[in-house]
Each structure stands twice: as structure tokens, then as C-alpha cells.
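Reproduced below: structure25.pdb, with PDB, C-alpha atoms and all ligand atoms.
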```
MODEL        1
ATOM      1  CA  MET N   1      61.723 -33.312 -67.028
ATOM      2  CA  ALA N   2      58.801 -32.535 -64.719
ATOM      3  CA  ALA N   3      55.574 -34.425 -65.403
ATOM      4  CA  MET N   4      52.854 -32.307 -67.075
ATOM      5  CA  SER N   5      49.864 -31.702 -64.828
ATOM      6  CA  ASN N   6      46.274 -31.239 -65.944
ATOM      7  CA  ALA N   7      45.327 -29.676 -62.628
ATOM      8  CA  PRO N   8      43.781 -26.196 -62.984
ATOM      9  CA  LEU N   9      45.933 -23.210 -62.104
ATOM     10  CA  LEU N  10      43.357 -21.890 -59.619
ATOM     11  CA  THR N  11      40.760 -23.992 -57.800
ATOM     12  CA  VAL N  12      38.122 -22.386 -55.587
ATOM     13  CA  GLU N  13      36.097 -24.799 -53.443
ATOM     14  CA  ARG N  14      33.050 -24.085 -51.254
ATOM     15  CA  LEU N  15      34.334 -20.552 -50.727
ATOM     16  CA  SER N  16      32.295 -18.345 -48.385
ATOM     17  CA  TYR N  17      33.004 -14.913 -46.975
ATOM     18  CA  HIS N  18      31.364 -12.587 -44.479
ATOM     19  CA  TYR N  19      32.938  -9.343 -43.298
ATOM     20  CA  PRO N  20      33.969  -9.184 -39.635
ATOM     21  CA  GLY N  21      31.006  -8.091 -37.544
ATOM     22  CA  SER N  22      28.456  -9.273 -40.130
ATOM     23  CA  ASP N  23      26.792 -12.677 -40.030
ATOM     24  CA  HIS N  24      25.397 -12.361 -43.557
ATOM     25  CA  PRO N  25      27.794 -13.891 -46.109
ATOM     26  CA  VAL N  26      28.640 -11.817 -49.195
ATOM     27  CA  PHE N  27      28.916 -15.099 -51.139
ATOM     28  CA  ALA N  28      28.582 -18.725 -50.142
ATOM     29  CA  ASP N  29      29.853 -22.082 -51.389
ATOM     30  CA  LEU N  30      31.472 -20.822 -54.590
ATOM     31  CA  ASP N  31      33.138 -23.481 -56.730
ATOM     32  CA  PHE N  32      35.104 -22.761 -59.890
ATOM     33  CA  SER N  33      38.505 -23.126 -61.472
ATOM     34  CA  VAL N  34      40.747 -21.256 -63.905
ATOM     35  CA  ALA N  35      43.110 -23.085 -66.275
ATOM     36  CA  ASP N  36      46.666 -21.998 -67.035
ATOM     37  CA  GLY N  37      46.554 -19.218 -69.631
ATOM     38  CA  GLU N  38      42.765 -18.864 -69.540
ATOM     39  CA  PHE N  39      41.048 -15.434 -69.575
ATOM     40  CA  VAL N  40      38.025 -15.531 -67.277
ATOM     41  CA  ALA N  41      35.712 -12.579 -66.579
ATOM     42  CA  ILE N  42      33.432 -12.334 -63.568
ATOM     43  CA  VAL N  43      30.428 -10.064 -64.094
ATOM     44  CA  GLY N  44      27.773  -9.046 -61.629
ATOM     45  CA  GLY N  45      25.833  -6.036 -60.397
ATOM     46  CA  SER N  46      27.158  -3.402 -58.035
ATOM     47  CA  GLY N  47      27.710  -4.691 -54.504
ATOM     48  CA  VAL N  48      27.292  -8.366 -55.390
ATOM     49  CA  GLY N  49      30.767  -9.226 -54.047
ATOM     50  CA  LYS N  50      33.095  -9.297 -57.077
ATOM     51  CA  SER N  51      35.862  -7.247 -55.423
ATOM     52  CA  THR N  52      35.513  -9.216 -52.193
ATOM     53  CA  LEU N  53      35.963 -12.460 -54.125
ATOM     54  CA  LEU N  54      39.032 -11.130 -55.925
ATOM     55  CA  ARG N  55      40.540  -9.871 -52.649
ATOM     56  CA  ASN N  56      40.051 -13.348 -51.183
ATOM     57  CA  ILE N  57      41.836 -14.918 -54.159
ATOM     58  CA  ALA N  58      44.586 -12.289 -53.981
ATOM     59  CA  GLY N  59      45.208 -13.284 -50.351
ATOM     60  CA  LEU N  60      44.371  -9.768 -49.098
ATOM     61  CA  ILE N  61      41.539 -11.048 -46.881
ATOM     62  CA  PRO N  62      41.219 -14.605 -45.554
ATOM     63  CA  PRO N  63      38.141 -16.670 -46.578
ATOM     64  CA  SER N  64      35.562 -17.370 -43.859
ATOM     65  CA  SER N  65      35.422 -20.966 -45.066
ATOM     66  CA  GLY N  66      36.375 -23.069 -48.076
ATOM     67  CA  ASN N  67      39.587 -23.423 -50.047
ATOM     68  CA  ILE N  68      41.597 -21.492 -52.594
ATOM     69  CA  ALA N  69      44.371 -23.496 -54.231
ATOM     70  CA  LEU N  70      46.789 -21.849 -56.638
ATOM     71  CA  SER N  71      49.732 -23.505 -58.394
ATOM     72  CA  PRO N  72      53.001 -22.011 -57.160
ATOM     73  CA  ALA N  73      55.091 -19.515 -59.148
ATOM     74  CA  ARG N  74      57.055 -21.207 -61.910
ATOM     75  CA  ASN N  75      60.395 -19.432 -61.781
ATOM     76  CA  ARG N  76      62.780 -17.746 -59.424
ATOM     77  CA  GLY N  77      61.949 -14.089 -58.996
ATOM     78  CA  SER N  78      58.263 -14.466 -59.785
ATOM     79  CA  ARG N  79      55.008 -14.618 -57.828
ATOM     80  CA  ASP N  80      51.964 -16.810 -58.307
ATOM     81  CA  ARG N  81      49.638 -13.746 -58.566
ATOM     82  CA  GLY N  82      49.669 -10.127 -59.622
ATOM     83  CA  PHE N  83      46.886  -7.681 -58.764
ATOM     84  CA  VAL N  84      45.637  -4.665 -60.725
ATOM     85  CA  PHE N  85      43.330  -2.454 -58.678
ATOM     86  CA  GLN N  86      40.466  -0.186 -59.706
ATOM     87  CA  ASP N  87      42.472   2.809 -58.451
ATOM     88  CA  THR N  88      46.131   2.299 -59.248
ATOM     89  CA  ARG N  89      47.480   3.175 -55.766
ATOM     90  CA  LEU N  90      50.763   4.537 -57.098
ATOM     91  CA  LEU N  91      53.013   5.964 -54.404
ATOM     92  CA  PRO N  92      53.074   9.733 -55.088
ATOM     93  CA  TRP N  93      56.607  10.206 -53.715
ATOM     94  CA  ARG N  94      58.171   7.678 -56.103
ATOM     95  CA  ARG N  95      58.775   8.165 -59.803
ATOM     96  CA  ILE N  96      57.056   5.759 -62.234
ATOM     97  CA  ALA N  97      60.014   3.340 -62.628
ATOM     98  CA  SER N  98      60.518   3.318 -58.877
ATOM     99  CA  ASN N  99      56.819   2.554 -58.288
ATOM    100  CA  ILE N 100      57.165  -0.514 -60.491
ATOM    101  CA  GLU N 101      60.409  -1.583 -58.852
ATOM    102  CA  TYR N 102      58.794  -1.241 -55.427
ATOM    103  CA  GLY N 103      56.418  -4.096 -56.377
ATOM    104  CA  LEU N 104      59.451  -6.382 -56.758
ATOM    105  CA  ALA N 105      60.499  -6.004 -53.115
ATOM    106  CA  GLY N 106      61.122  -9.344 -51.464
ATOM    107  CA  LEU N 107      61.734 -11.254 -54.702
ATOM    108  CA  ASP N 108      65.029 -13.038 -55.223
ATOM    109  CA  LEU N 109      66.356 -10.681 -57.924
ATOM    110  CA  SER N 110      69.614  -8.773 -58.235
ATOM    111  CA  ARG N 111      69.557  -5.009 -58.696
ATOM    112  CA  ALA N 112      70.337  -5.432 -62.403
ATOM    113  CA  GLU N 113      67.549  -8.001 -62.796
ATOM    114  CA  ARG N 114      65.081  -5.652 -61.100
ATOM    115  CA  ARG N 115      66.063  -2.897 -63.530
ATOM    116  CA  GLU N 116      65.593  -5.304 -66.445
ATOM    117  CA  ARG N 117      62.120  -6.212 -65.201
ATOM    118  CA  VAL N 118      61.164  -2.551 -64.967
ATOM    119  CA  ASP N 119      62.447  -1.874 -68.495
ATOM    120  CA  GLU N 120      60.636  -4.935 -69.839
ATOM    121  CA  VAL N 121      57.198  -4.013 -68.446
ATOM    122  CA  LEU N 122      57.555  -0.334 -69.348
ATOM    123  CA  GLU N 123      58.174  -1.451 -72.920
ATOM    124  CA  LEU N 124      55.251  -3.921 -72.845
ATOM    125  CA  THR N 125      52.856  -1.205 -71.733
ATOM    126  CA  ALA N 126      54.358   1.457 -74.033
ATOM    127  CA  MET N 127      55.266   3.610 -71.014
ATOM    128  CA  THR N 128      59.072   3.797 -71.413
ATOM    129  CA  PRO N 129      59.035   7.574 -72.096
ATOM    130  CA  TYR N 130      57.288   8.136 -68.749
ATOM    131  CA  ARG N 131      59.705   6.222 -66.520
ATOM    132  CA  ASP N 132      61.055   9.316 -64.741
ATOM    133  CA  ARG N 133      57.701  11.088 -64.342
ATOM    134  CA  TRP N 134      55.877  11.536 -61.048
ATOM    135  CA  PRO N 135      52.483   9.802 -60.683
ATOM    136  CA  HIS N 136      50.629  13.144 -60.463
ATOM    137  CA  SER N 137      51.886  14.129 -63.919
ATOM    138  CA  ILE N 138      50.397  11.236 -65.908
ATOM    139  CA  SER N 139      46.823  10.701 -67.160
ATOM    140  CA  GLY N 140      44.304   8.188 -65.772
ATOM    141  CA  GLY N 141      44.846   5.836 -68.726
ATOM    142  CA  GLN N 142      48.614   6.038 -68.297
ATOM    143  CA  ALA N 143      48.261   5.348 -64.571
ATOM    144  CA  GLN N 144      46.303   2.190 -65.421
ATOM    145  CA  ARG N 145      49.103   1.109 -67.765
ATOM    146  CA  ILE N 146      51.548   1.558 -64.891
ATOM    147  CA  GLY N 147      49.272  -0.427 -62.560
ATOM    148  CA  LEU N 148      49.324  -3.208 -65.135
ATOM    149  CA  ALA N 149      53.098  -2.911 -65.611
ATOM    150  CA  ARG N 150      53.654  -3.193 -61.860
ATOM    151  CA  ALA N 151      51.550  -6.362 -61.681
ATOM    152  CA  LEU N 152      53.273  -7.900 -64.734
ATOM    153  CA  ALA N 153      56.741  -7.193 -63.346
ATOM    154  CA  VAL N 154      56.439 -10.129 -60.923
ATOM    155  CA  HIS N 155      55.824 -12.506 -63.884
ATOM    156  CA  PRO N 156      52.554 -13.789 -62.366
ATOM    157  CA  ARG N 157      50.902 -17.009 -63.534
ATOM    158  CA  LEU N 158      47.556 -15.461 -62.618
ATOM    159  CA  LEU N 159      46.729 -11.797 -63.113
ATOM    160  CA  LEU N 160      43.829 -10.564 -60.970
ATOM    161  CA  MET N 161      42.156  -7.425 -62.313
ATOM    162  CA  ASP N 162      39.458  -5.507 -60.432
ATOM    163  CA  GLU N 163      37.537  -3.166 -62.777
ATOM    164  CA  PRO N 164      40.868  -1.782 -63.969
ATOM    165  CA  PHE N 165      39.442   0.393 -66.751
ATOM    166  CA  SER N 166      36.330   1.752 -65.071
ATOM    167  CA  ALA N 167      37.706   5.229 -64.360
ATOM    168  CA  VAL N 168      38.898   6.111 -67.885
ATOM    169  CA  ASP N 169      36.980   7.532 -70.853
ATOM    170  CA  ALA N 170      35.327   5.169 -73.355
ATOM    171  CA  LEU N 171      37.944   5.554 -76.088
ATOM    172  CA  THR N 172      40.889   4.992 -73.738
ATOM    173  CA  ARG N 173      39.064   2.025 -72.233
ATOM    174  CA  ARG N 174      38.807   0.318 -75.621
ATOM    175  CA  ARG N 175      42.460   1.011 -76.344
ATOM    176  CA  LEU N 176      43.467  -0.457 -72.972
ATOM    177  CA  GLN N 177      41.331  -3.546 -73.627
ATOM    178  CA  ASP N 178      43.165  -4.155 -76.922
ATOM    179  CA  GLU N 179      46.528  -3.595 -75.260
ATOM    180  CA  LEU N 180      45.671  -6.022 -72.487
ATOM    181  CA  LEU N 181      44.692  -8.695 -75.041
ATOM    182  CA  ALA N 182      47.957  -8.180 -76.939
ATOM    183  CA  ILE N 183      49.977  -8.543 -73.703
ATOM    184  CA  TRP N 184      47.983 -11.619 -72.661
ATOM    185  CA  ARG N 185      48.654 -13.260 -76.036
ATOM    186  CA  ARG N 186      52.338 -12.451 -75.751
ATOM    187  CA  LEU N 187      52.869 -13.566 -72.131
ATOM    188  CA  GLY N 188      50.250 -16.316 -71.792
ATOM    189  CA  MET N 189      49.379 -15.775 -68.111
ATOM    190  CA  ALA N 190      45.867 -16.581 -66.862
ATOM    191  CA  VAL N 191      43.639 -13.575 -66.158
ATOM    192  CA  LEU N 192      40.713 -13.285 -63.755
ATOM    193  CA  PHE N 193      38.986 -10.010 -64.643
ATOM    194  CA  VAL N 194      36.170  -8.476 -62.621
ATOM    195  CA  THR N 195      33.806  -6.043 -64.333
ATOM    196  CA  HIS N 196      30.180  -4.941 -64.217
ATOM    197  CA  ASP N 197      30.388  -4.239 -67.952
ATOM    198  CA  ILE N 198      29.082  -7.143 -70.055
ATOM    199  CA  ASP N 199      30.438  -5.630 -73.279
ATOM    200  CA  GLU N 200      33.931  -5.558 -71.762
ATOM    201  CA  ALA N 201      33.676  -9.149 -70.497
ATOM    202  CA  LEU N 202      32.472 -10.380 -73.906
ATOM    203  CA  TYR N 203      35.193  -8.520 -75.765
ATOM    204  CA  LEU N 204      37.954  -9.926 -73.572
ATOM    205  CA  ALA N 205      37.207 -13.290 -72.046
ATOM    206  CA  ASP N 206      37.385 -16.982 -72.963
ATOM    207  CA  ARG N 207      34.781 -17.619 -70.302
ATOM    208  CA  ILE N 208      32.295 -15.474 -68.393
ATOM    209  CA  GLN N 209      30.980 -16.237 -64.923
ATOM    210  CA  VAL N 210      27.923 -14.378 -63.686
ATOM    211  CA  MET N 211      27.616 -13.627 -59.949
ATOM    212  CA  ARG N 212      24.186 -12.910 -58.520
ATOM    213  CA  GLY N 213      22.204 -12.998 -55.289
ATOM    214  CA  SER N 214      22.781 -12.393 -51.613
ATOM    215  CA  PRO N 215      24.665 -14.383 -50.560
ATOM    216  CA  ALA N 216      25.988 -14.400 -54.124
ATOM    217  CA  ALA N 217      26.422 -17.548 -56.204
ATOM    218  CA  ILE N 218      27.818 -18.155 -59.683
ATOM    219  CA  VAL N 219      24.604 -18.539 -61.635
ATOM    220  CA  ARG N 220      26.122 -18.877 -65.086
ATOM    221  CA  ASP N 221      29.461 -20.094 -66.435
ATOM    222  CA  GLU N 222      29.698 -19.631 -70.188
ATOM    223  CA  CYS N 223      32.503 -20.310 -72.672
ATOM    224  CA  ILE N 224      32.670 -17.544 -75.274
ATOM    225  CA  GLU N 225      33.380 -19.051 -78.662
ATOM    226  CA  LEU N 226      33.383 -15.772 -80.656
ATOM    227  CA  GLU N 227      36.466 -15.422 -82.832
ATOM    228  CA  ARG N 228      39.097 -12.816 -81.984
ATOM    229  CA  PRO N 229      39.435  -9.957 -82.677
ATOM    230  CA  ARG N 230      35.812  -9.672 -81.608
ATOM    231  CA  ASP N 231      33.399  -7.446 -83.414
ATOM    232  CA  ARG N 232      30.982  -5.563 -81.179
ATOM    233  CA  SER N 233      28.676  -4.916 -84.125
ATOM    234  CA  ASP N 234      28.365  -8.645 -84.846
ATOM    235  CA  THR N 235      24.871 -10.072 -84.260
ATOM    236  CA  SER N 236      26.146 -12.978 -82.115
ATOM    237  CA  PHE N 237      28.013 -10.466 -79.907
ATOM    238  CA  ALA N 238      24.782  -8.504 -79.413
ATOM    239  CA  ALA N 239      22.760 -11.686 -78.796
ATOM    240  CA  LEU N 240      25.199 -12.873 -76.111
ATOM    241  CA  THR N 241      25.175  -9.424 -74.490
ATOM    242  CA  HIS N 242      21.379  -9.652 -74.113
ATOM    243  CA  GLU N 243      21.513 -13.237 -72.866
ATOM    244  CA  ILE N 244      24.045 -12.447 -70.188
ATOM    245  CA  ALA N 245      22.226  -9.251 -69.191
ATOM    246  CA  ASP N 246      19.101 -11.348 -68.642
ATOM    247  CA  SER N 247      20.930 -13.572 -66.163
ATOM    248  CA  LEU N 248      22.288 -10.640 -64.119
TER
HETATM  249  N1  LIG N 301      35.036  -3.508 -45.597
HETATM  250  C1  LIG N 301      33.758  -3.891 -45.639
HETATM  251  N2  LIG N 301      33.051  -4.138 -44.510
HETATM  252  C2  LIG N 301      31.783  -4.541 -44.543
HETATM  253  N3  LIG N 301      31.093  -4.748 -45.696
HETATM  254  C3  LIG N 301      31.734  -4.516 -46.857
HETATM  255  C4  LIG N 301      33.092  -4.076 -46.885
HETATM  256  N4  LIG N 301      33.479  -3.936 -48.189
HETATM  257  C5  LIG N 301      32.397  -4.279 -48.920
HETATM  258  N5  LIG N 301      31.359  -4.623 -48.128
HETATM  259  C6  LIG N 301      30.026  -5.077 -48.558
HETATM  260  O1  LIG N 301      30.173  -6.326 -49.217
HETATM  261  C7  LIG N 301      29.327  -6.403 -50.356
HETATM  262  C8  LIG N 301      30.142  -6.727 -51.587
HETATM  263  O2  LIG N 301      30.993  -5.619 -51.903
HETATM  264  P1  LIG N 301      32.012  -5.649 -53.135
HETATM  265  O3  LIG N 301      32.773  -4.382 -53.103
HETATM  266  O4  LIG N 301      32.758  -6.922 -53.091
HETATM  267  O5  LIG N 301      31.003  -5.685 -54.372
HETATM  268  P2  LIG N 301      31.297  -5.475 -55.935
HETATM  269  O6  LIG N 301      30.482  -6.494 -56.645
HETATM  270  O7  LIG N 301      32.745  -5.460 -56.190
HETATM  271  O8  LIG N 301      30.674  -4.038 -56.162
HETATM  272  P3  LIG N 301      31.060  -2.862 -57.215
HETATM  273  O9  LIG N 301      30.837  -3.416 -58.599
HETATM  274  O10 LIG N 301      30.066  -1.778 -56.873
HETATM  275  O11 LIG N 301      32.490  -2.467 -56.954
HETATM  276  C9  LIG N 301      28.575  -5.082 -50.428
HETATM  277  O12 LIG N 301      27.309  -5.248 -49.868
HETATM  278  C10 LIG N 301      29.414  -4.141 -49.601
HETATM  279  O13 LIG N 301      28.623  -3.161 -48.994
ENDMDL
END
```

The structure given in the file should be rewritten as C-alpha cells.
Amino acid sequence: MAAMSNAPLLTVERLSYHYPGSDHPVFADLDFSVADGEFVAIVGGSGVGKSTLLRNIAGLIPPSSGNIALSPARNRGSRDRGFVFQDTRLLPWRRIASNIEYGLAGLDLSRAERRERVDEVLELTAMTPYRDRWPHSISGGQAQRIGLARALAVHPRLLLMDEPFSAVDALTRRRLQDELLAIWRRLGMAVLFVTHDIDEALYLADRIQVMRGSPAAIVRDECIELERPRDRSDTSFAALTHEIADSL
């Protein structure tokens, strides 16, 4: 049996990034970690660098300096990370099931296993009836469910989510938050969730990190001890909302 490791799932060390052509870093010397199964939210104002940080961790853009270490995928046919974008980026010429299957390209899975994965994540996100639809014929909330399904299909140990619910109406947003929590409890992957919405971060996360400044730093790292399911009308919820808003 393999020895158990206490090493964090994700370790970010002295991470800095500046866009090509700019000598002003978006963020500098960031240090933090995420444990296996932990739900961490990163909050910060518009333009502070949350998406840039997530894109660095996703491997979409290389850091200017520093290190990002992520434990490798656990099983055959899985990836270490999955990414859910703000806009779902579904391919309009592929049906829903085929969009999800497309995300499995390059993984060591048979055709039957790929089909099973697609069925599994459609069921998890309650989207099975929509499998043969075209992307243009589903709602914004449904498209977000498909974006989530596509990311979950690779069985990631770390799910990276960039403001995934920002484009849907308030009621749908709350429903999606509850669905995400239910899926997280069921699958147990770690989640790194970027949002500018403190209420959303407090409702979802085990821990909230606040990004601020230019270059940005993590100015607050707070474990959220509120019991789940969380009650937004609770006085401690409101008090924490104000506290975190003050540090933004
Ligand atoms: N491709 C790019 N080239 C140059 N600068 C960029 C590029 N993309 C973003 N930036 C700049 O980097 C900074 C951080 O942007 P980023 O999108 O990461 O912020 P954010 O916190 O995610 O913002 P928001 O909450 O508004 O989405 C901003 O000042 C932005 O203008």
C-alpha cells in the first residue's frame, strides 16, 4: 500500500506574473496551498488578478517566476485539474454529450469508458435529458451545468472555477451553488473558486483568501467555521460578510 502523504494537493510558492509587454506585475510573491478535498474561494475586486492567477494554476499561461506544484492525477483516465470558465466555451457545432466527450480527448479511455464518463457527469449535473441538444438551445444556467460536467468528466483532483455563476440570474445562481456543494460532497475533489461576490464565497468555501493591491497580494486567509448548510440570514454570516468586505 502506498504511504499516506500530508503534503498539500496544490502548493503555490513566490508566484509572480506580468503580462508580456508589461513590466508591472499583476501579482507578486504569492504563497498559499490547498489541501486534498478542500474548498477554497479567492475573492478580490475587479481587475485585481484573480483570473490571471487561476489561469497560471490551470497551466494556460506560464508564471513569470515562482512555483506551482500539484499532486499528479490519481487514476488512469483522469487529469490533475479541471477548469470551469466564466463563459462556458461550448463548441456550437457539437451536441451537448459530444462537447463533454471532447474534453476527454487524449485520456487513456476506451470508447465505452468515455461514454460512461459522459453519462455519469450528465447524471451528476441533472442534464441527462439535454444530451442530444445543441449548445444554442439551452439556457445560461444549463450551459454552466454542462461546463461543470465537462470539467468533472476528467475526474480532477482539483477543480478550478473562474466566476462560473456570474452570468446567470440570482435564483439560478443560488441553485447552482447548492448543486455544486452537493457534487463536491459526493466526489470529494478540492475546489479553487474565484469570485468577486463575498456572499458566494462565504456560502461555499472552507477557506477564503482575499486578494488586494497592485501588484496584488493575499491580504487575508480565513477559515470559515460556519456550519453547513449555511444560513445567509444568520448574524455570524452577516458579520463575516462585513469583515471580509472591509479587507477588500
Ligand atoms: N491579456 C492581457 N494582457 C495584458 N493585461 C491583461 C490581460 N488580461 C488581463 N490583463 C490585466 O491584468 C489585470 C488582472 O486581470 P484579471 O482578469 O486577472 O482580473 P480579475 O481579478 O479576474 O478581474 P474581474 O473580476 O474583473 O474578472 C488587469 O489589470 C487586466 O487589465

Could you build a table of the residues in chain N lying no more than 8 Å from ligand LIG 301 (chain N), giving for each the nearest pair of atoms and their separation in Å rounded to one decimal place, using only C-alpha atoms and all ligand atoms, ordered by chain and ascending residue number, as JSON lines?
```
{"residue": "N:His18", "atom": "CA", "partner": "N:LIG301", "partner_atom": "N3", "distance": 7.9}
{"residue": "N:Tyr19", "atom": "CA", "partner": "N:LIG301", "partner_atom": "C2", "distance": 5.1}
{"residue": "N:Pro20", "atom": "CA", "partner": "N:LIG301", "partner_atom": "N2", "distance": 7.1}
{"residue": "N:Gly21", "atom": "CA", "partner": "N:LIG301", "partner_atom": "C2", "distance": 7.9}
{"residue": "N:Ser22", "atom": "CA", "partner": "N:LIG301", "partner_atom": "C2", "distance": 7.3}
{"residue": "N:Val26", "atom": "CA", "partner": "N:LIG301", "partner_atom": "C7", "distance": 5.6}
{"residue": "N:Gly44", "atom": "CA", "partner": "N:LIG301", "partner_atom": "O6", "distance": 6.2}
{"residue": "N:Gly45", "atom": "CA", "partner": "N:LIG301", "partner_atom": "O9", "distance": 5.9}
{"residue": "N:Ser46", "atom": "CA", "partner": "N:LIG301", "partner_atom": "O10", "distance": 3.5}
{"residue": "N:Gly47", "atom": "CA", "partner": "N:LIG301", "partner_atom": "O5", "distance": 3.4}
{"residue": "N:Val48", "atom": "CA", "partner": "N:LIG301", "partner_atom": "O6", "distance": 3.9}
{"residue": "N:Gly49", "atom": "CA", "partner": "N:LIG301", "partner_atom": "O4", "distance": 3.2}
{"residue": "N:Lys50", "atom": "CA", "partner": "N:LIG301", "partner_atom": "O6", "distance": 3.9}
{"residue": "N:Ser51", "atom": "CA", "partner": "N:LIG301", "partner_atom": "O7", "distance": 3.7}
{"residue": "N:Thr52", "atom": "CA", "partner": "N:LIG301", "partner_atom": "O4", "distance": 3.7}
{"residue": "N:Leu53", "atom": "CA", "partner": "N:LIG301", "partner_atom": "O4", "distance": 6.5}
{"residue": "N:Asp162", "atom": "CA", "partner": "N:LIG301", "partner_atom": "O7", "distance": 7.9}
{"residue": "N:Glu163", "atom": "CA", "partner": "N:LIG301", "partner_atom": "O11", "distance": 7.7}
{"residue": "N:Val194", "atom": "CA", "partner": "N:LIG301", "partner_atom": "O7", "distance": 7.9}
{"residue": "N:Thr195", "atom": "CA", "partner": "N:LIG301", "partner_atom": "O9", "distance": 7.0}
{"residue": "N:His196", "atom": "CA", "partner": "N:LIG301", "partner_atom": "O9", "distance": 5.9}
```

Residues returned when the PyMOL selection byres (((chain N and resi 100-112) around 9) and not hetatm) runs on this file, as a VMD selection string: chain N and resid 76 to 79 90 94 to 99 113 to 118 121 to 122 146 to 147 149 to 151 153 to 154

Spatial neighbours of N:Ile218, max dist 9 Å, only C-alpha atoms, sep filter under 2 positions, as a compact mmCIF listing (two decimals) with C-alpha atoms, in the coordinates of the input:
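Contents of around_1.txt, freshly written:
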```
# COMPACT_ATOMS: atom_id res chain seq x y z
CA LEU N 30 31.47 -20.82 -54.59
CA ASP N 31 33.14 -23.48 -56.73
CA PHE N 32 35.10 -22.76 -59.89
CA ILE N 42 33.43 -12.33 -63.57
CA GLN N 209 30.98 -16.24 -64.92
CA VAL N 210 27.92 -14.38 -63.69
CA MET N 211 27.62 -13.63 -59.95
CA ARG N 212 24.19 -12.91 -58.52
CA GLY N 213 22.20 -13.00 -55.29
CA ALA N 216 25.99 -14.40 -54.12
CA ARG N 220 26.12 -18.88 -65.09
CA ASP N 221 29.46 -20.09 -66.44
```

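Put simply, atom CA of N:Leu204 is 17.7 Å away from atom CA of N:Leu54.
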
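What separates atom CA of N:Phe83 from atom CA of N:Leu124 is a distance of 16.8 Å.
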
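Compared by their closest atoms to N:Asp231, and using all atoms listed in the file, the residues N:Phe39, N:Phe85, N:Tyr203, N:Trp93 rank with N:Tyr203 nearest.
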
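Here, the PyMOL selection byres (((chain N and resi 166) around 12) and not hetatm) matches N:Phe85, N:Gln86, N:Asp87, N:Thr88, N:Gly140, N:Gly141, N:Gln144, N:Met161, N:Asp162, N:Glu163, N:Pro164, N:Phe165, N:Ala167, N:Val168, N:Asp169, N:Ala170, N:Leu171, N:Thr172, N:Arg173, N:Arg174, N:Leu176, N:Gln177, N:Val194, N:Thr195, N:His196, N:Asp197, N:Glu200.
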
Within 8 Å of stretch 63-69 of chain N using all atoms listed in the file, minus same-chain residues under 3 positions, as a PyMOL selection string: chain N and resi 10-18+29+56-57

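Atom CA of N:Gln142 sits 18.4 Å away from atom CA of N:Gly82.
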